file target_15.cif (mmCIF, N, CA and C atoms)
data_upload
#
loop_
_atom_site.label_atom_id
_atom_site.label_comp_id
_atom_site.auth_asym_id
_atom_site.auth_seq_id
_atom_site.Cartn_x
_atom_site.Cartn_y
_atom_site.Cartn_z
N MET A 1 0.85 -1.18 0.00
CA MET A 1 0.00 0.00 0.00
C MET A 1 0.89 1.24 0.00
N GLN A 2 0.56 2.18 -0.85
CA GLN A 2 1.34 3.40 -0.91
C GLN A 2 1.03 4.31 0.26
N ASN A 3 2.00 5.14 0.61
CA ASN A 3 1.77 6.14 1.64
C ASN A 3 1.02 7.31 1.03
N PHE A 4 0.19 7.94 1.84
CA PHE A 4 -0.51 9.12 1.38
C PHE A 4 0.40 10.32 1.59
N GLU A 5 0.59 11.10 0.55
CA GLU A 5 1.47 12.27 0.64
C GLU A 5 0.69 13.57 0.69
N THR A 6 -0.48 13.62 0.04
CA THR A 6 -1.30 14.82 0.00
C THR A 6 -2.71 14.43 0.41
N ILE A 7 -3.16 14.98 1.52
CA ILE A 7 -4.47 14.63 2.07
C ILE A 7 -5.35 15.87 2.13
N LEU A 8 -6.57 15.72 1.66
CA LEU A 8 -7.57 16.79 1.73
C LEU A 8 -8.66 16.35 2.70
N LEU A 9 -8.88 17.16 3.72
CA LEU A 9 -9.92 16.88 4.71
C LEU A 9 -11.03 17.91 4.53
N ALA A 10 -12.23 17.42 4.22
CA ALA A 10 -13.40 18.30 4.12
C ALA A 10 -13.89 18.54 5.54
N TYR A 11 -13.97 19.80 5.94
CA TYR A 11 -14.29 20.13 7.33
C TYR A 11 -15.39 21.17 7.37
N ASP A 12 -16.51 20.79 8.01
CA ASP A 12 -17.64 21.72 8.09
C ASP A 12 -17.97 22.14 9.52
N GLY A 13 -17.16 21.70 10.47
CA GLY A 13 -17.39 22.08 11.86
C GLY A 13 -18.47 21.29 12.55
N SER A 14 -19.17 20.43 11.82
CA SER A 14 -20.22 19.60 12.43
C SER A 14 -19.57 18.55 13.33
N GLU A 15 -20.38 17.86 14.10
CA GLU A 15 -19.84 16.79 14.94
C GLU A 15 -19.16 15.74 14.07
N GLN A 16 -19.76 15.43 12.91
CA GLN A 16 -19.17 14.44 12.03
C GLN A 16 -17.84 14.94 11.46
N GLY A 17 -17.76 16.22 11.16
CA GLY A 17 -16.52 16.80 10.68
C GLY A 17 -15.43 16.78 11.74
N ARG A 18 -15.82 17.04 12.98
CA ARG A 18 -14.86 16.99 14.09
C ARG A 18 -14.37 15.57 14.33
N ILE A 19 -15.28 14.61 14.20
CA ILE A 19 -14.89 13.20 14.34
C ILE A 19 -13.90 12.83 13.24
N ALA A 20 -14.19 13.23 12.01
CA ALA A 20 -13.28 12.93 10.90
C ALA A 20 -11.91 13.54 11.16
N LEU A 21 -11.87 14.77 11.65
CA LEU A 21 -10.60 15.41 11.95
C LEU A 21 -9.85 14.63 13.03
N ARG A 22 -10.53 14.30 14.13
CA ARG A 22 -9.88 13.56 15.23
C ARG A 22 -9.39 12.19 14.76
N ARG A 23 -10.23 11.47 14.04
CA ARG A 23 -9.88 10.11 13.62
C ARG A 23 -8.78 10.09 12.56
N SER A 24 -8.58 11.20 11.87
CA SER A 24 -7.55 11.24 10.83
C SER A 24 -6.20 11.74 11.34
N LEU A 25 -6.13 12.16 12.58
CA LEU A 25 -4.87 12.70 13.11
C LEU A 25 -3.67 11.77 12.92
N PRO A 26 -3.80 10.45 13.15
CA PRO A 26 -2.63 9.58 12.92
C PRO A 26 -2.15 9.61 11.47
N LEU A 27 -3.06 9.68 10.52
CA LEU A 27 -2.67 9.76 9.11
C LEU A 27 -2.01 11.10 8.80
N LEU A 28 -2.58 12.16 9.36
CA LEU A 28 -2.09 13.51 9.06
C LEU A 28 -0.73 13.78 9.67
N SER A 29 -0.42 13.11 10.76
CA SER A 29 0.86 13.36 11.44
C SER A 29 1.91 12.33 11.07
N ALA A 30 1.61 11.41 10.15
CA ALA A 30 2.55 10.36 9.77
C ALA A 30 3.47 10.84 8.65
N GLY A 31 4.73 11.10 9.00
CA GLY A 31 5.72 11.46 7.98
C GLY A 31 5.51 12.81 7.35
N GLU A 32 5.88 12.89 6.09
CA GLU A 32 5.81 14.14 5.33
C GLU A 32 4.49 14.23 4.56
N VAL A 33 3.43 14.51 5.26
CA VAL A 33 2.11 14.59 4.65
C VAL A 33 1.73 16.05 4.45
N LYS A 34 1.32 16.39 3.24
CA LYS A 34 0.79 17.73 2.97
C LYS A 34 -0.69 17.69 3.31
N THR A 35 -1.08 18.51 4.27
CA THR A 35 -2.46 18.48 4.75
C THR A 35 -3.20 19.74 4.32
N HIS A 36 -4.37 19.52 3.76
CA HIS A 36 -5.21 20.61 3.28
C HIS A 36 -6.60 20.45 3.88
N LEU A 37 -7.16 21.55 4.33
CA LEU A 37 -8.49 21.56 4.93
C LEU A 37 -9.40 22.40 4.04
N LEU A 38 -10.59 21.88 3.76
CA LEU A 38 -11.53 22.58 2.89
C LEU A 38 -12.85 22.79 3.61
N ALA A 39 -13.36 24.00 3.57
CA ALA A 39 -14.71 24.31 4.04
C ALA A 39 -15.47 24.91 2.86
N VAL A 40 -16.71 24.49 2.70
CA VAL A 40 -17.50 24.93 1.56
C VAL A 40 -18.73 25.70 2.03
N VAL A 41 -18.91 26.89 1.47
CA VAL A 41 -20.14 27.64 1.67
C VAL A 41 -21.13 27.07 0.67
N PRO A 42 -22.21 26.44 1.14
CA PRO A 42 -23.14 25.79 0.21
C PRO A 42 -23.71 26.76 -0.81
N LEU A 43 -23.80 26.30 -2.02
CA LEU A 43 -24.33 27.10 -3.13
C LEU A 43 -25.77 27.49 -2.90
N THR A 44 -26.51 26.72 -2.12
CA THR A 44 -27.91 27.04 -1.89
C THR A 44 -28.07 28.45 -1.33
N GLY A 45 -27.13 28.87 -0.51
CA GLY A 45 -27.19 30.23 0.03
C GLY A 45 -27.01 31.28 -1.05
N ALA A 46 -26.05 31.04 -1.94
CA ALA A 46 -25.81 31.99 -3.02
C ALA A 46 -27.00 32.03 -3.98
N VAL A 47 -27.54 30.86 -4.29
CA VAL A 47 -28.70 30.80 -5.18
C VAL A 47 -29.90 31.48 -4.54
N ALA A 48 -30.12 31.20 -3.25
CA ALA A 48 -31.26 31.82 -2.56
C ALA A 48 -31.11 33.34 -2.53
N ALA A 49 -29.90 33.83 -2.35
CA ALA A 49 -29.68 35.27 -2.34
C ALA A 49 -29.98 35.85 -3.72
N ALA A 50 -29.54 35.16 -4.76
CA ALA A 50 -29.80 35.63 -6.13
C ALA A 50 -31.29 35.60 -6.46
N GLU A 51 -31.99 34.62 -5.93
CA GLU A 51 -33.42 34.48 -6.19
C GLU A 51 -34.26 35.37 -5.27
N GLY A 52 -33.62 36.04 -4.32
CA GLY A 52 -34.34 36.92 -3.43
C GLY A 52 -34.92 36.25 -2.20
N PHE A 53 -34.54 34.98 -1.97
CA PHE A 53 -35.05 34.27 -0.80
C PHE A 53 -34.46 34.81 0.49
N TYR A 54 -33.22 35.24 0.44
CA TYR A 54 -32.66 35.95 1.58
C TYR A 54 -31.62 36.93 1.09
N THR A 55 -31.22 37.80 1.99
CA THR A 55 -30.43 38.96 1.60
C THR A 55 -28.95 38.62 1.44
N GLU A 56 -28.26 39.53 0.79
CA GLU A 56 -26.81 39.41 0.64
C GLU A 56 -26.13 39.39 2.00
N SER A 57 -26.66 40.15 2.95
CA SER A 57 -26.05 40.16 4.29
C SER A 57 -26.19 38.79 4.96
N MET A 58 -27.28 38.09 4.68
CA MET A 58 -27.44 36.75 5.24
C MET A 58 -26.41 35.80 4.62
N TYR A 59 -26.17 35.94 3.33
CA TYR A 59 -25.17 35.13 2.65
C TYR A 59 -23.78 35.43 3.22
N GLU A 60 -23.46 36.71 3.38
CA GLU A 60 -22.17 37.10 3.93
C GLU A 60 -22.00 36.57 5.35
N SER A 61 -23.07 36.56 6.12
CA SER A 61 -23.03 36.02 7.47
C SER A 61 -22.69 34.52 7.44
N GLU A 62 -23.30 33.80 6.51
CA GLU A 62 -23.01 32.37 6.36
C GLU A 62 -21.56 32.16 5.93
N ARG A 63 -21.09 32.98 5.02
CA ARG A 63 -19.70 32.87 4.57
C ARG A 63 -18.74 33.12 5.74
N GLU A 64 -19.02 34.13 6.54
CA GLU A 64 -18.18 34.41 7.71
C GLU A 64 -18.20 33.26 8.70
N ARG A 65 -19.37 32.64 8.87
CA ARG A 65 -19.48 31.49 9.77
C ARG A 65 -18.60 30.34 9.28
N VAL A 66 -18.62 30.07 7.99
CA VAL A 66 -17.82 28.99 7.43
C VAL A 66 -16.33 29.33 7.50
N GLU A 67 -15.97 30.60 7.29
CA GLU A 67 -14.57 31.02 7.43
C GLU A 67 -14.06 30.76 8.85
N LYS A 68 -14.90 31.02 9.85
CA LYS A 68 -14.51 30.76 11.24
C LYS A 68 -14.33 29.26 11.49
N ILE A 69 -15.20 28.46 10.91
CA ILE A 69 -15.09 27.00 11.04
C ILE A 69 -13.76 26.53 10.44
N LEU A 70 -13.43 27.05 9.27
CA LEU A 70 -12.17 26.69 8.61
C LEU A 70 -10.98 27.09 9.48
N ALA A 71 -11.00 28.30 9.99
CA ALA A 71 -9.90 28.77 10.84
C ALA A 71 -9.78 27.89 12.09
N GLU A 72 -10.91 27.49 12.65
CA GLU A 72 -10.91 26.60 13.81
C GLU A 72 -10.23 25.28 13.48
N GLY A 73 -10.57 24.68 12.34
CA GLY A 73 -9.98 23.41 11.93
C GLY A 73 -8.48 23.51 11.73
N VAL A 74 -8.03 24.57 11.05
CA VAL A 74 -6.61 24.78 10.84
C VAL A 74 -5.91 24.97 12.18
N GLU A 75 -6.52 25.71 13.08
CA GLU A 75 -5.94 25.94 14.41
C GLU A 75 -5.82 24.64 15.20
N ILE A 76 -6.82 23.80 15.13
CA ILE A 76 -6.77 22.50 15.82
C ILE A 76 -5.60 21.68 15.31
N LEU A 77 -5.46 21.61 13.98
CA LEU A 77 -4.36 20.83 13.41
C LEU A 77 -3.01 21.44 13.77
N ASN A 78 -2.88 22.76 13.66
CA ASN A 78 -1.63 23.42 14.03
C ASN A 78 -1.27 23.15 15.48
N GLY A 79 -2.30 23.13 16.36
CA GLY A 79 -2.09 22.83 17.77
C GLY A 79 -1.59 21.42 18.01
N LYS A 80 -1.85 20.53 17.07
CA LYS A 80 -1.37 19.14 17.15
C LYS A 80 -0.04 18.95 16.42
N GLY A 81 0.55 20.07 15.97
CA GLY A 81 1.83 20.01 15.27
C GLY A 81 1.71 19.64 13.81
N ILE A 82 0.52 19.77 13.23
CA ILE A 82 0.29 19.43 11.84
C ILE A 82 0.08 20.73 11.06
N ALA A 83 1.00 21.00 10.14
CA ALA A 83 0.86 22.20 9.30
C ALA A 83 -0.23 21.94 8.26
N ALA A 84 -1.24 22.77 8.25
CA ALA A 84 -2.35 22.59 7.32
C ALA A 84 -2.66 23.90 6.62
N GLU A 85 -3.02 23.77 5.36
CA GLU A 85 -3.43 24.93 4.58
C GLU A 85 -4.94 24.88 4.42
N GLY A 86 -5.61 26.00 4.66
CA GLY A 86 -7.06 26.05 4.57
C GLY A 86 -7.54 26.65 3.27
N TYR A 87 -8.68 26.14 2.79
CA TYR A 87 -9.30 26.63 1.55
C TYR A 87 -10.78 26.85 1.80
N LEU A 88 -11.29 27.94 1.28
CA LEU A 88 -12.72 28.23 1.37
C LEU A 88 -13.26 28.28 -0.06
N ARG A 89 -14.30 27.52 -0.31
CA ARG A 89 -14.92 27.49 -1.63
C ARG A 89 -16.42 27.70 -1.48
N VAL A 90 -17.05 28.13 -2.55
CA VAL A 90 -18.49 28.32 -2.59
C VAL A 90 -19.05 27.39 -3.66
N GLY A 91 -20.08 26.64 -3.31
CA GLY A 91 -20.69 25.77 -4.31
C GLY A 91 -21.28 24.52 -3.69
N GLU A 92 -21.49 23.54 -4.53
CA GLU A 92 -22.01 22.26 -4.10
C GLU A 92 -20.85 21.48 -3.48
N PRO A 93 -20.96 21.02 -2.22
CA PRO A 93 -19.82 20.44 -1.52
C PRO A 93 -19.08 19.32 -2.26
N ALA A 94 -19.78 18.32 -2.76
CA ALA A 94 -19.08 17.20 -3.42
C ALA A 94 -18.29 17.70 -4.63
N HIS A 95 -18.86 18.61 -5.40
CA HIS A 95 -18.17 19.15 -6.57
C HIS A 95 -16.90 19.91 -6.15
N GLN A 96 -17.03 20.75 -5.12
CA GLN A 96 -15.89 21.55 -4.68
C GLN A 96 -14.79 20.68 -4.07
N ILE A 97 -15.18 19.64 -3.34
CA ILE A 97 -14.19 18.72 -2.76
C ILE A 97 -13.43 18.02 -3.89
N ALA A 98 -14.15 17.48 -4.87
CA ALA A 98 -13.51 16.77 -5.97
C ALA A 98 -12.62 17.71 -6.79
N LYS A 99 -13.09 18.92 -7.02
CA LYS A 99 -12.31 19.89 -7.80
C LYS A 99 -11.00 20.23 -7.11
N LEU A 100 -11.05 20.50 -5.81
CA LEU A 100 -9.83 20.85 -5.08
C LEU A 100 -8.91 19.63 -4.98
N ALA A 101 -9.48 18.45 -4.79
CA ALA A 101 -8.66 17.23 -4.74
C ALA A 101 -7.86 17.07 -6.03
N THR A 102 -8.49 17.35 -7.15
CA THR A 102 -7.81 17.28 -8.45
C THR A 102 -6.72 18.34 -8.54
N GLU A 103 -7.05 19.58 -8.16
CA GLU A 103 -6.07 20.68 -8.22
C GLU A 103 -4.84 20.37 -7.37
N LEU A 104 -5.06 19.77 -6.19
CA LEU A 104 -3.97 19.48 -5.26
C LEU A 104 -3.26 18.17 -5.58
N GLU A 105 -3.84 17.40 -6.50
CA GLU A 105 -3.36 16.04 -6.79
C GLU A 105 -3.33 15.22 -5.50
N ALA A 106 -4.44 15.28 -4.77
CA ALA A 106 -4.56 14.58 -3.48
C ALA A 106 -4.52 13.07 -3.68
N ASP A 107 -3.91 12.39 -2.71
CA ASP A 107 -3.88 10.93 -2.68
C ASP A 107 -5.07 10.39 -1.90
N LEU A 108 -5.60 11.22 -0.99
CA LEU A 108 -6.67 10.79 -0.11
C LEU A 108 -7.55 11.98 0.24
N VAL A 109 -8.86 11.75 0.21
CA VAL A 109 -9.85 12.73 0.67
C VAL A 109 -10.54 12.10 1.88
N ILE A 110 -10.71 12.89 2.93
CA ILE A 110 -11.37 12.42 4.14
C ILE A 110 -12.61 13.27 4.38
N VAL A 111 -13.74 12.61 4.60
CA VAL A 111 -14.99 13.29 4.93
C VAL A 111 -15.61 12.60 6.14
N GLY A 112 -16.44 13.33 6.86
CA GLY A 112 -17.20 12.75 7.96
C GLY A 112 -18.50 12.17 7.44
N HIS A 113 -19.13 11.36 8.28
CA HIS A 113 -20.39 10.72 7.88
C HIS A 113 -21.41 10.85 8.99
N GLN A 114 -22.62 11.22 8.62
CA GLN A 114 -23.74 11.29 9.56
C GLN A 114 -24.74 10.22 9.16
N ARG A 115 -25.05 9.35 10.10
CA ARG A 115 -26.05 8.31 9.82
C ARG A 115 -27.42 8.97 9.72
N ARG A 116 -28.15 8.60 8.66
CA ARG A 116 -29.49 9.14 8.44
C ARG A 116 -30.37 8.02 7.92
N GLY A 117 -31.64 8.26 7.98
CA GLY A 117 -32.60 7.31 7.45
C GLY A 117 -32.60 7.31 5.94
N VAL A 118 -33.26 6.31 5.36
CA VAL A 118 -33.31 6.17 3.91
C VAL A 118 -33.94 7.39 3.25
N LEU A 119 -35.03 7.90 3.81
CA LEU A 119 -35.70 9.05 3.22
C LEU A 119 -34.80 10.29 3.24
N ALA A 120 -34.12 10.54 4.35
CA ALA A 120 -33.23 11.70 4.44
C ALA A 120 -32.08 11.57 3.46
N ARG A 121 -31.53 10.36 3.29
CA ARG A 121 -30.43 10.15 2.36
C ARG A 121 -30.91 10.37 0.92
N TRP A 122 -32.12 9.89 0.61
CA TRP A 122 -32.67 10.09 -0.73
C TRP A 122 -32.90 11.58 -0.99
N TRP A 123 -33.48 12.28 -0.04
CA TRP A 123 -33.83 13.69 -0.22
C TRP A 123 -32.60 14.58 -0.29
N GLN A 124 -31.67 14.38 0.66
CA GLN A 124 -30.52 15.28 0.76
C GLN A 124 -29.28 14.75 0.04
N GLY A 125 -29.24 13.49 -0.25
CA GLY A 125 -28.06 12.91 -0.89
C GLY A 125 -26.95 12.71 0.12
N SER A 126 -25.87 12.18 -0.33
CA SER A 126 -24.71 11.91 0.53
C SER A 126 -23.47 12.44 -0.17
N VAL A 127 -22.72 13.28 0.52
CA VAL A 127 -21.50 13.83 -0.07
C VAL A 127 -20.53 12.69 -0.36
N GLY A 128 -20.38 11.77 0.61
CA GLY A 128 -19.48 10.64 0.41
C GLY A 128 -19.83 9.82 -0.82
N ALA A 129 -21.11 9.47 -0.96
CA ALA A 129 -21.54 8.69 -2.12
C ALA A 129 -21.34 9.48 -3.41
N SER A 130 -21.59 10.79 -3.37
CA SER A 130 -21.41 11.63 -4.56
C SER A 130 -19.94 11.69 -4.98
N LEU A 131 -19.05 11.58 -4.01
CA LEU A 131 -17.62 11.67 -4.30
C LEU A 131 -17.06 10.41 -4.95
N LEU A 132 -17.69 9.28 -4.72
CA LEU A 132 -17.15 8.01 -5.21
C LEU A 132 -16.85 8.05 -6.71
N ASP A 133 -17.73 8.62 -7.49
CA ASP A 133 -17.54 8.66 -8.94
C ASP A 133 -16.82 9.91 -9.42
N ARG A 134 -16.50 10.81 -8.52
CA ARG A 134 -15.87 12.07 -8.92
C ARG A 134 -14.37 12.12 -8.62
N LEU A 135 -13.89 11.27 -7.75
CA LEU A 135 -12.50 11.34 -7.30
C LEU A 135 -11.60 10.37 -8.07
N ASP A 136 -10.37 10.79 -8.26
CA ASP A 136 -9.35 9.93 -8.85
C ASP A 136 -8.37 9.46 -7.78
N CYS A 137 -8.78 9.54 -6.52
CA CYS A 137 -7.92 9.15 -5.41
C CYS A 137 -8.75 8.37 -4.40
N SER A 138 -8.12 7.96 -3.32
CA SER A 138 -8.82 7.22 -2.27
C SER A 138 -9.73 8.14 -1.48
N LEU A 139 -10.78 7.55 -0.92
CA LEU A 139 -11.75 8.28 -0.11
C LEU A 139 -11.91 7.56 1.21
N LEU A 140 -11.74 8.30 2.31
CA LEU A 140 -11.94 7.77 3.64
C LEU A 140 -13.15 8.46 4.24
N ILE A 141 -14.14 7.68 4.63
CA ILE A 141 -15.33 8.23 5.27
C ILE A 141 -15.23 7.87 6.74
N ALA A 142 -15.00 8.87 7.57
CA ALA A 142 -14.80 8.66 9.00
C ALA A 142 -16.09 8.84 9.76
N GLN A 143 -16.31 7.97 10.73
CA GLN A 143 -17.47 8.12 11.59
C GLN A 143 -17.07 7.69 12.99
N ASP A 144 -17.89 8.05 13.94
CA ASP A 144 -17.65 7.73 15.33
C ASP A 144 -17.84 6.24 15.53
N ALA A 145 -16.80 5.55 15.94
CA ALA A 145 -16.86 4.10 16.12
C ALA A 145 -17.76 3.71 17.29
N SER A 146 -18.07 4.65 18.17
CA SER A 146 -18.88 4.32 19.34
C SER A 146 -20.37 4.39 19.04
N VAL A 147 -20.75 4.82 17.83
CA VAL A 147 -22.17 4.93 17.47
C VAL A 147 -22.73 3.54 17.24
N GLU A 148 -23.87 3.25 17.88
CA GLU A 148 -24.54 1.96 17.71
C GLU A 148 -25.23 1.92 16.35
N THR A 149 -25.23 0.77 15.70
CA THR A 149 -25.94 0.63 14.43
C THR A 149 -27.31 0.05 14.62
#

call {"tool": "encode", "arguments": {"input": "target_15.cif", "output": "structure tokens"}}
result
Amino acid sequence: MQNFETILLAYDGSEQGRIALRRSLPLLSAGEVKTHLLAVVPLTGAVAAAEGFYTESMYESERERVEKILAEGVEILNGKGIAAEGYLRVGEPAHQIAKLATELEADLVIVGHQRRGVLARWWQGSVGASLLDRLDCSLLIAQDASVET
């Protein structure tokens, strides 16, 4: 098995994102790994603002919230001795994750997973499942091992 040299961690500040960050620490701190953290401002906010569903200030507020989440993730990694570069993108999360993974020539993408019912998965989709056909690298879906199935 090859070593991962460039890792992209999708981080949204959710409990699942925090779990993915914690569970990936051994990979991120192993050797000479280039670590990149990505936070995505969902496109739905930009579209809603354009359609008049909510104001530009509401969109800017959401963008600022995501910027803080990204800074928090980078700070956590730096505190663990892991140099990480943060990226903020706007759009559909799976598309933005795959696009940045390609730009960075990532060997591994890590995302968190939230267990949901069949109806919720059908309605909202799954970023992890959406990434399977979009990535040219490995995908690690991290979840809390203590969660009962």

call {"tool": "closest_residue", "arguments": {"input": "target_15.cif", "among": "A:Lys80, A:Val40, A:Gly112, A:Glu56", "to": "Asp144 (chain A)", "atoms": "only C-alpha atoms"}}
result
A:Gly112

call {"tool": "closest_atom_pairs", "arguments": {"input": "target_15.cif", "of": "region 3-103 of chain A", "to": "region 134-138 of chain A", "cutoff": "10 Å", "atoms": "only C-alpha atoms", "output": "JSON lines"}}
result
{"residue": "A:Phe4", "atom": "CA", "partner": "A:Ser138", "partner_atom": "CA", "distance": 9.3}
{"residue": "A:Ile7", "atom": "CA", "partner": "A:Ser138", "partner_atom": "CA", "distance": 9.6}
{"residue": "A:Ala94", "atom": "CA", "partner": "A:Arg134", "partner_atom": "CA", "distance": 8.2}
{"residue": "A:His95", "atom": "CA", "partner": "A:Arg134", "partner_atom": "CA", "distance": 7.8}
{"residue": "A:Ile97", "atom": "CA", "partner": "A:Leu135", "partner_atom": "CA", "distance": 8.8}
{"residue": "A:Ala98", "atom": "CA", "partner": "A:Leu135", "partner_atom": "CA", "distance": 5.7}
{"residue": "A:Lys99", "atom": "CA", "partner": "A:Leu135", "partner_atom": "CA", "distance": 8.6}
{"residue": "A:Ala101", "atom": "CA", "partner": "A:Leu135", "partner_atom": "CA", "distance": 7.5}
{"residue": "A:Thr102", "atom": "CA", "partner": "A:Asp136", "partner_atom": "CA", "distance": 7.5}

call {"tool": "residues_around", "arguments": {"input": "target_15.cif", "residues": "Arg63 (chain A)", "least_positions_apart": "4", "cutoff": "8 Å", "atoms": "all atoms listed in the file", "output": "number ranges by chain"}}
result
A: 40-42, 57-59, 67-69

call {"tool": "residues_around", "arguments": {"input": "target_15.cif", "residues": "Ala83 (chain A)", "least_positions_apart": "4", "cutoff": "7 Å", "atoms": "only N, CA and C atoms", "output": "mmCIF file with N, CA and C atoms, in the coordinates of the input"}}
result
data_model
loop_
_atom_site.group_PDB
_atom_site.id
_atom_site.type_symbol
_atom_site.label_atom_id
_atom_site.label_comp_id
_atom_site.auth_asym_id
_atom_site.auth_seq_id
_atom_site.Cartn_x
_atom_site.Cartn_y
_atom_site.Cartn_z
ATOM 1 N N LYS A 34 1.320 16.390 3.240
ATOM 2 C CA LYS A 34 0.790 17.730 2.970
ATOM 3 C C LYS A 34 -0.690 17.690 3.310
ATOM 4 N N THR A 35 -1.080 18.510 4.270
ATOM 5 C CA THR A 35 -2.460 18.480 4.750
ATOM 6 C C THR A 35 -3.200 19.740 4.320
ATOM 7 N N HIS A 36 -4.370 19.520 3.760
ATOM 8 C CA HIS A 36 -5.210 20.610 3.280
ATOM 9 C C HIS A 36 -6.600 20.450 3.880
ATOM 10 N N LEU A 77 -5.460 21.610 13.980
ATOM 11 C CA LEU A 77 -4.360 20.830 13.410
ATOM 12 C C LEU A 77 -3.010 21.440 13.770
ATOM 13 N N ASN A 78 -2.880 22.760 13.660
ATOM 14 C CA ASN A 78 -1.630 23.420 14.030
ATOM 15 C C ASN A 78 -1.270 23.150 15.480
#

call {"tool": "residues_around", "arguments": {"input": "target_15.cif", "residues": "Arg23 (chain A)", "least_positions_apart": "2", "cutoff": "10 Å", "atoms": "only C-alpha atoms", "output": "list in words"}}
result
Gly17, Arg18, Ile19, Ala20, Leu21, Leu25, Pro26, Leu27, Leu28, Ile110, Gly112, Ala142, Gln143, Asp144 and Ala145 of chain A

call {"tool": "closest_residue", "arguments": {"input": "target_15.cif", "among": "A:Glu64, A:Leu88, A:Leu131, A:Leu139", "to": "Leu108 (chain A)", "atoms": "all atoms listed in the file"}}
result
A:Leu139

call {"tool": "resolve_selection", "arguments": {"input": "target_15.cif", "expression": "the PyMOL selection byres ((chain A and resi 38) around 6.5)", "output": "PyMOL selection string"}}
result
chain A and resi 8-12+36-37+39-40+70+85-89

call {"tool": "select_by_dssp", "arguments": {"input": "target_15.cif", "residues": "region 4-119 of chain A", "states": "alpha helix (DSSP H)", "output": "count of residues only"}}
result
61

call {"tool": "closest_residue", "arguments": {"input": "target_15.cif", "among": "A:Ala106, A:Gly13, A:Val111, A:Pro93", "to": "Val66 (chain A)", "atoms": "all atoms listed in the file"}}
result
A:Gly13

call {"tool": "closest_residue", "arguments": {"input": "target_15.cif", "among": "A:Ala84, A:Arg22, A:Glu32, A:Val90", "to": "Asn3 (chain A)", "atoms": "only C-alpha atoms"}}
result
A:Glu32

call {"tool": "build_atoms", "arguments": {"input": "target_15.cif", "residues": "region 75-79 of chain A", "atoms": "all heavy atoms", "output": "tab-separated table (two decimals), in the coordinates of the input"}}
result
chain	number	residue	atom	x	y	z
A	75	GLU	N	-6.52	25.71	13.08
A	75	GLU	CA	-5.94	25.94	14.41
A	75	GLU	C	-5.82	24.64	15.20
A	75	GLU	O	-4.81	24.41	15.87
A	75	GLU	CB	-6.80	26.94	15.17
A	75	GLU	CG	-6.23	27.34	16.52
A	75	GLU	CD	-7.10	28.38	17.22
A	75	GLU	OE1	-7.58	29.31	16.54
A	75	GLU	OE2	-7.29	28.23	18.44
A	76	ILE	N	-6.82	23.80	15.13
A	76	ILE	CA	-6.77	22.50	15.82
A	76	ILE	C	-5.60	21.68	15.31
A	76	ILE	O	-4.82	21.11	16.08
A	76	ILE	CB	-8.10	21.73	15.64
A	76	ILE	CG1	-9.22	22.40	16.44
A	76	ILE	CG2	-7.95	20.26	16.07
A	76	ILE	CD1	-10.62	21.87	16.12
A	77	LEU	N	-5.46	21.61	13.98
A	77	LEU	CA	-4.36	20.83	13.41
A	77	LEU	C	-3.01	21.44	13.77
A	77	LEU	O	-2.08	20.71	14.14
A	77	LEU	CB	-4.52	20.73	11.89
A	77	LEU	CG	-5.69	19.87	11.43
A	77	LEU	CD1	-5.83	19.93	9.92
A	77	LEU	CD2	-5.54	18.42	11.89
A	78	ASN	N	-2.88	22.76	13.66
A	78	ASN	CA	-1.63	23.42	14.03
A	78	ASN	C	-1.27	23.15	15.48
A	78	ASN	O	-0.11	22.93	15.82
A	78	ASN	CB	-1.70	24.92	13.77
A	78	ASN	CG	-1.70	25.26	12.29
A	78	ASN	OD1	-1.30	24.47	11.45
A	78	ASN	ND2	-2.20	26.43	11.97
A	79	GLY	N	-2.30	23.13	16.36
A	79	GLY	CA	-2.09	22.83	17.77
A	79	GLY	C	-1.59	21.42	18.01
A	79	GLY	O	-0.96	21.14	19.03
